Each structure stands twice: as C-alpha cells, then as structure tokens.
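Asks: Below you will find the structure I want to go over with you.
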Amino acid sequence: MTEPTPKVHPLCPLDRLDAYPAYDALRRDDPVPQMKLPFGEPAWMATRHADVRAFLLESRFSRKAALGKNAPGFSPGGYAHTIPFMDAPEHTEARRMVARALTKKRIEGLRPRIESVAEGLIDAMVAQGSSADLVTALAKPFPVAVNCEMYAVPEEDREQFHSWSAALLVTAGLTPQEFMANFMGLMEYTSSLIARRRKEPGDDLVSALVAQWDAQDRFTEEDLCKAVISLLLGGHDPVTAHIANSVYVLLGQPEKYRELCERPEIVPTAVEELLRYVSIGDIFGFGSYATEDVEIGGHTVREGEPMLALLASANRDAEVFENPDTLDLSREHNPHVAFGHGPHYCAGTALARVELQIVFAALTRRLPTLRLGSGDPAQWWHEMVTVIRSLRTLPVEW
C-alpha cells in the first residue's frame, strides 16, 4: 500500500482569509493529515479542537527532540535551544521565571502607557486627513512601540530592532545565511541591552527578567538572551497581523463594527471572538516529536515522527463552538486555542489581550465612521514564508 502524498501548506493562497472550508473538510474527512510546511520534513497535523488540546497536553511529544532534526517549520534557520524548544522540567522552570517577570499586575500597570501609544498613533492618523493605510499608520507601529516601551529600547534603535525581528518572522527570499545574520544581529543587540539593564535596572521587562535569571544558576546568559527574543518575536508581527486582519473582517461586516462602536463594554468578549474567528496564526508553528507511539484522534503517530496543531481549524470546530462561522462579538462560551494550550501556551497572552482591547476600544471610540477605502483594495503578503496570514496594506476612510 502506497503512502498518501502529504498536503502542502498553505491549503489556500495566503492572500485571503478563506482557508476555513478546507479546514472543515479536513476535520470531517482527514482529521490527522500529513502536511508539508515550507521547510523540513512532513508532519502530522491535529485539526479538531479536542485533538489539538490533547496533543498540546501530551507529555510524550518533545519539543527538544526537534533540535538538530530536519524539523518542520516556516524558516530556513532551524530551531535553537530557546524556551519554546525545552521540555519539562527545564521548560517548567524557565517558564516560571518568565511568568514572574511578565505578571498580570505588571501588564495592567502598563495600560496607561499602552493607551497613550494607541491614542498618539490615532491622533497622527487623523491629522493626515480622512483616509490612511491602517497597517502603516496603526497596526504595524503599535505593537513595536509597545514592545520597545516594555523593553526600554531607545528611540534611535527602534527601527533597526524591528527590522531584525521582522526578518525572523517574514523569511521570504532569505537564505539560511541571511536568516542567521539577522538572528545574530538581534542576539548581539539584546545581549548589550541586558548588560545595560543589569548595570542600571529599571521598571522594564528586561530588568525584571535579568533579576529572575540572576537569582538562579541553571540557565545561561545565552538562555536569557533567547528568552527575551522569544517574547519579542511573539509580540511584533503576530499582533500587527491580527489587528489588521480583525479590522478588515469588522469593516467587511459593517454592522459588527457599528456594534462595537455602540457597545464598548463588549470589547473584551469581542477581542476573544476575533482571536477565535481570525486566528493569529493558522498553525502552532513549532513541531514536536513523538518519543513513543502516541494515538491522537484515532491515528497513531509513530515514535520519531513530528506533529503540529492546526489552531485555525480547531477554532472553527462545530463540536465546540455554536455557529462557528458566525462572528458573534458577544459570544460567551469561547474556549479558543488562538494562543495554544498546555505547557507551551503563549507566555505573552496577557500583554496581547491588553494591547488588542486598548487598540479596538480606541479605534471604535475615535473613528465610529471607519470604513474600507473606496480606492485601491487591501493588499496581502501572498509570497511570505510565514505562520501568519497578513495584510500588506489596508486602506481605510472615515
């Protein structure tokens, strides 16, 4: 019997948000397909909500085992020994240190500064007239400015800082050597930033992480540097993409945007629904390798085979979500997996939620007449080698 040919990611072009019918078909007809990502060997894919959660909780899958393998992924640079590629108990201890630095209290304390960033960008957008490219004016600079505030990156370094981090997520056209050059540039800068914070600690996140790291002797300075970078990468382009994609969806259903303008109290539930309906990334972008035969969704993943989670599919599973293809901004039962699940649940979730709540609240309050531009249509990054579907431009008017 011949082995089936792996499906090739993406299942539909990246320049749109219409992959969901293909995911519906997978959950129904092929719930654990084998898929080929842009780099690495084929991997099995969990597509149903229950299977995604079971896989992400399963201790018999190892992230660390991906190191040194031809692991499935979205970049040519291979995996590195960072927190996402640790296993328990090492991973548990490293995540605990990050959690102690990235506390909910610390994030909530940043609300006024984050609100000021959002208001300032909208002020500048409005000052330019009655139209703008929302990506350039708001979606892209907002998370960059927030992260730079949190990490106390000097103003003069921010453009280069973003350039390095963006290159690690948007890898189209990069050789492995170019990818590693960007990675090493960001590593060197982050190392110097850590050294400055160690000499002159402040109330920023790097200072908090340094304090946690220096209080133990298990992890190295390089581990600290990579931990900072992991948090940074998760806080830049994914947030940019989600803001732009969500506004695009809301303005495509104008009654939903009006509802958010008229009912600001539902912003928190609307943010959760947009995270479900417009998943930040289609796939949980790091492969895990089975350390023994494991059954997921009625399929046996053999020892030594990699697996990934198709989060966007799980978030449209009708077995869990009522009317999953309907955008319900007041949805109460919403156990989405946009940030993953289990021990590798996104460490920056609290910050991302606060950012999204602030930016949607500010946008709907300040620009209740916002609509899609009447001229050139929105443009997508359709050639990107990335885990994210993302708009290149989003012309809007008000």
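In the structure tokens, chains take the letters A, B, ... in the order shown, each chain's residues start at 1, and ligands count up from 1 in the order shown.
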Residues of region 91-122 of chain A within 8 Å of region 203-222 of chain A: nearest atom pair and distance (Å, one decimal) for each, counting only C-alpha atoms, sorted by chain and number, as CSV?
Replies:
```
residue,atom,partner,partner_atom,distance
A:Met97,CA,A:Gln212,CA,5.8
A:Val98,CA,A:Leu209,CA,6.6
A:Arg100,CA,A:Gln212,CA,7.6
A:Ala101,CA,A:Ala208,CA,5.1
A:Leu102,CA,A:Leu205,CA,7.0
```
Asks: Counting only C-alpha atoms, which residues in region 37-146 of chain A sit no more than 10 Å from region 364-382 of chain A? For each one, give the nearest pair of atoms and the distance in Å, sorted by chain then residue number, as a Markdown table.
Replies:
```
| residue | atom | partner | partner_atom | distance |
| --- | --- | --- | --- | --- |
| A:Glu119 | CA | A:Arg366 | CA | 8.8 |
| A:Ile122 | CA | A:Arg366 | CA | 7.9 |
| A:Asp123 | CA | A:Arg366 | CA | 9.1 |
| A:Val126 | CA | A:Leu367 | CA | 9.0 |
| A:Ser130 | CA | A:Leu370 | CA | 9.4 |
| A:Ser131 | CA | A:Gly373 | CA | 7.5 |
| A:Ala132 | CA | A:Gly373 | CA | 8.4 |
| A:Asp133 | CA | A:Gly373 | CA | 8.8 |
| A:Leu134 | CA | A:Leu372 | CA | 9.9 |
| A:Val135 | CA | A:Ala378 | CA | 9.9 |
```
Asks: Could you please take those selected residues and save C-alpha atoms as an mmCIF file, in the first residue's frame?
Replies:
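Saved as again-v3.cif:
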```
data_model
loop_
_atom_site.group_PDB
_atom_site.id
_atom_site.type_symbol
_atom_site.label_atom_id
_atom_site.label_comp_id
_atom_site.auth_asym_id
_atom_site.auth_seq_id
_atom_site.Cartn_x
_atom_site.Cartn_y
_atom_site.Cartn_z
ATOM 1 C CA GLU A 119 -4.081 57.454 21.126
ATOM 2 C CA ILE A 122 -4.657 57.618 16.008
ATOM 3 C CA ASP A 123 -4.018 61.344 16.559
ATOM 4 C CA VAL A 126 -6.426 61.725 11.887
ATOM 5 C CA SER A 130 -9.742 61.429 6.320
ATOM 6 C CA SER A 131 -8.016 58.341 4.930
ATOM 7 C CA ALA A 132 -4.976 56.214 5.715
ATOM 8 C CA ASP A 133 -3.341 52.846 5.326
ATOM 9 C CA LEU A 134 -4.233 51.254 8.656
ATOM 10 C CA VAL A 135 -1.275 48.866 8.508
#
```
Asks: Using only C-alpha atoms, which of the listed residues (A:Ile283, A:Met45, A:Val153, A:Val278) sits closest to Arg197 (chain A)?
Replies: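 Of A:Ile283, A:Met45, A:Val153, A:Val278, the one nearest Arg197 (chain A) is A:Val153, counting only C-alpha atoms.
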Asks: List as a VMD selection string the protein and nucleic acid residues near Leu57 (chain A), meaning an atom at most 10 Å away when only C-alpha atoms are counted, but skip any in the same chain fewer than 5 places from it.
Replies: chain A and resid 51 to 52 341 to 345
Asks: Taking all heavy atoms for each residue, export the selection above as a compact mmCIF listing (two decimals), in the first residue's frame.
Replies:
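Written out: result37.txt:
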```txt
# COMPACT_ATOMS: atom_id res chain seq x y z
N ASP A 51 -8.55 17.15 19.63
CA ASP A 51 -7.25 16.55 19.30
C ASP A 51 -6.11 17.55 19.48
O ASP A 51 -5.02 17.18 19.92
CB ASP A 51 -7.26 16.02 17.86
CG ASP A 51 -8.25 14.89 17.66
OD1 ASP A 51 -8.67 14.28 18.67
OD2 ASP A 51 -8.64 14.63 16.50
N VAL A 52 -6.36 18.82 19.14
CA VAL A 52 -5.35 19.85 19.34
C VAL A 52 -5.01 19.98 20.82
O VAL A 52 -3.83 20.00 21.22
CB VAL A 52 -5.84 21.20 18.76
CG1 VAL A 52 -5.00 22.36 19.31
CG2 VAL A 52 -5.77 21.18 17.24
N HIS A 341 -2.14 25.93 23.87
CA HIS A 341 -2.76 25.25 25.01
C HIS A 341 -1.66 24.48 25.73
O HIS A 341 -0.62 24.16 25.16
CB HIS A 341 -3.85 24.29 24.52
CG HIS A 341 -4.64 23.65 25.61
ND1 HIS A 341 -5.43 24.36 26.49
CD2 HIS A 341 -4.77 22.33 25.98
CE1 HIS A 341 -6.01 23.53 27.34
NE2 HIS A 341 -5.62 22.30 27.06
N GLY A 342 -1.87 24.21 27.00
CA GLY A 342 -0.94 23.38 27.74
C GLY A 342 0.33 24.10 28.16
O GLY A 342 0.36 25.34 28.23
N PRO A 343 1.40 23.37 28.41
CA PRO A 343 2.62 23.98 28.97
C PRO A 343 3.28 25.00 28.05
O PRO A 343 4.00 25.88 28.53
CB PRO A 343 3.55 22.77 29.21
CG PRO A 343 2.98 21.65 28.41
CD PRO A 343 1.52 21.90 28.32
N HIS A 344 3.04 24.92 26.74
CA HIS A 344 3.64 25.87 25.82
C HIS A 344 2.67 26.99 25.41
O HIS A 344 2.89 27.68 24.42
CB HIS A 344 4.16 25.15 24.57
CG HIS A 344 5.40 24.35 24.83
ND1 HIS A 344 6.65 24.93 24.90
CD2 HIS A 344 5.58 23.03 25.06
CE1 HIS A 344 7.56 23.98 25.15
NE2 HIS A 344 6.92 22.83 25.25
N TYR A 345 1.61 27.15 26.20
CA TYR A 345 0.67 28.26 26.00
C TYR A 345 1.46 29.58 25.94
O TYR A 345 2.39 29.79 26.70
CB TYR A 345 -0.30 28.27 27.18
CG TYR A 345 -1.44 29.25 27.11
CD1 TYR A 345 -2.51 29.03 26.26
CD2 TYR A 345 -1.46 30.37 27.94
CE1 TYR A 345 -3.58 29.91 26.23
CE2 TYR A 345 -2.53 31.25 27.92
CZ TYR A 345 -3.59 31.02 27.06
OH TYR A 345 -4.65 31.90 27.03
```
Asks: Which one of A:Ala54, A:Ile243, A:Ala71, A:Ala181 sits closest to Phe39 (chain A) if you count only C-alpha atoms?
Replies: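 Selected residue with least distance to Phe39 (chain A): A:Ala71.
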Asks: Neighbours of Gly120 (chain A) within 10 Å (only C-alpha atoms; same-chain residues fewer than 5 positions away dropped), as an MDAnalysis selection string?
Replies: chainID A and resid 114:115 125:126 138 142
Asks: Distance CA of Gln160 (chain A)-CA of Val144 (chain A), one decimal place?
Replies: 11.2 Å
Asks: Mind checking DSSP for region 56-250 of chain A and telling me the alpha helix (DSSP H) residues as a ChimeraX atom specification?
Replies: /A:56-57,90-101,104-109,111-127,134,141-151,158-169,176-199,205-214,221-235,237-250
Asks: Excluding same-chain residues fewer than 2 positions from Lys69 (chain A), what lies within 12 Å of it counting only C-alpha atoms, as a list of chain:residue names?
Replies: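 Selected residues are A:Phe39, A:Gly40, A:Glu41, A:Arg63, A:Lys64, A:Ala65, A:Ala66, A:Leu67, A:Ala71, A:Pro72, A:Gly73, A:Gly77, A:Gly78, A:Tyr79, A:Ala80, A:Gly287, A:Ser288, A:Tyr289, A:Gly304, A:Glu305, A:Pro306.
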